[in-house]
Each structure stands twice: as C-alpha cells, then as structure tokens.
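These notes are about the structure you will find just below.
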Amino acid sequence: MNWDRVSGNWKQFKGKVKEQWGKITDDEIDQIDGNREQLEGKIQEHYGIAKDAVKKQVDDAMSRW
C-alpha cells in the first residue's frame, strides 16, 4: 500500500493509527489529516524516536494495513 491510498482513506486509517501510536491524541490525528510528515513528526514528538526509525515504523504499519 502506498501513502496516497492511506491519505485518501484517512478516516478509515485513523483508528489504526490510534492503535499503533496511542499517545497521539484524537485532535492531533484530525490535524494530521493524512499528511505523512505530520504523522511522523507527532510520533517523534510523543515517543522520542529517531526520524529514520519512525519512517520504518510507518512503512511497516502501512504494509500491515
């Protein structure tokens, strides 16, 4: 799955984002609105993970969705 598909179906994927990264609030998920860079930034902010590791986590999550 590519990010364009995730972005286009963001409402469907919001719950999966919440399951994967529960520290991200519902308001933040609404603000992200399918923007991968914003999602990665929020993951970094809440979990203190390096940018490369965050990209890998998002890629891994997309492969499972």
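Following the order of the structure tokens, chains are lettered A, B, ..., residues in each are numbered from 1, and ligands are numbered from 1.
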- Based on DSSP run over this structure's backbone, return all residues of stretch 5-62 of chain A in alpha helix (DSSP H), as a PyMOL selection string. chain A and resi 5-8+10-20+26-32+36-47+51-62
- Task: Pick out the residues sitting within 9 Å of A:Lys23, and hand them over as a list in words; count only C-alpha atoms, and ignore anything fewer than 3 positions along from it in its own chain.
- Result: Lys18, Ile43, His46 and Tyr47 of chain A
Store the residues picked out above, limited to C-alpha atoms, as an mmCIF file, in the first residue's frame.
```
data_model
loop_
_atom_site.group_PDB
_atom_site.id
_atom_site.type_symbol
_atom_site.label_atom_id
_atom_site.label_comp_id
_atom_site.auth_asym_id
_atom_site.auth_seq_id
_atom_site.Cartn_x
_atom_site.Cartn_y
_atom_site.Cartn_z
ATOM 1 C CA LYS A 18 -4.551 5.288 17.251
ATOM 2 C CA ILE A 43 5.357 10.022 16.540
ATOM 3 C CA HIS A 46 5.444 11.623 21.622
ATOM 4 C CA TYR A 47 7.845 8.685 21.558
#
```
- Item | Counting only C-alpha atoms, the option among A:Ala50, A:Val58, A:Asn2, A:Lys11 closest to A:Gln31 | A:Lys11
- Task: For A:Phe13, please output as a list in words all residues within 9 Å (counting only C-alpha atoms; exclusion window: fewer than 5 positions along the same chain).
- Result: Val6, Ser7, Lys18, Gly34 and Trp65 of chain A
- Quick one: everything within 12 Å of A:Asp26, counting only C-alpha atoms, minus sequence neighbours fewer than 5 positions away in the same chain. Send it as a list in words. Lys11, Lys14, Gly15, Lys16, Val17, Lys18, Glu19, Trp21, Gln31, Ile32, Asp33 and Lys42 of chain A
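Of the listed residues (A:Asn35, A:Gly8, A:Asp27, A:Glu40), A:Glu40 comes nearest to A:Asp59; the distances count only C-alpha atoms.
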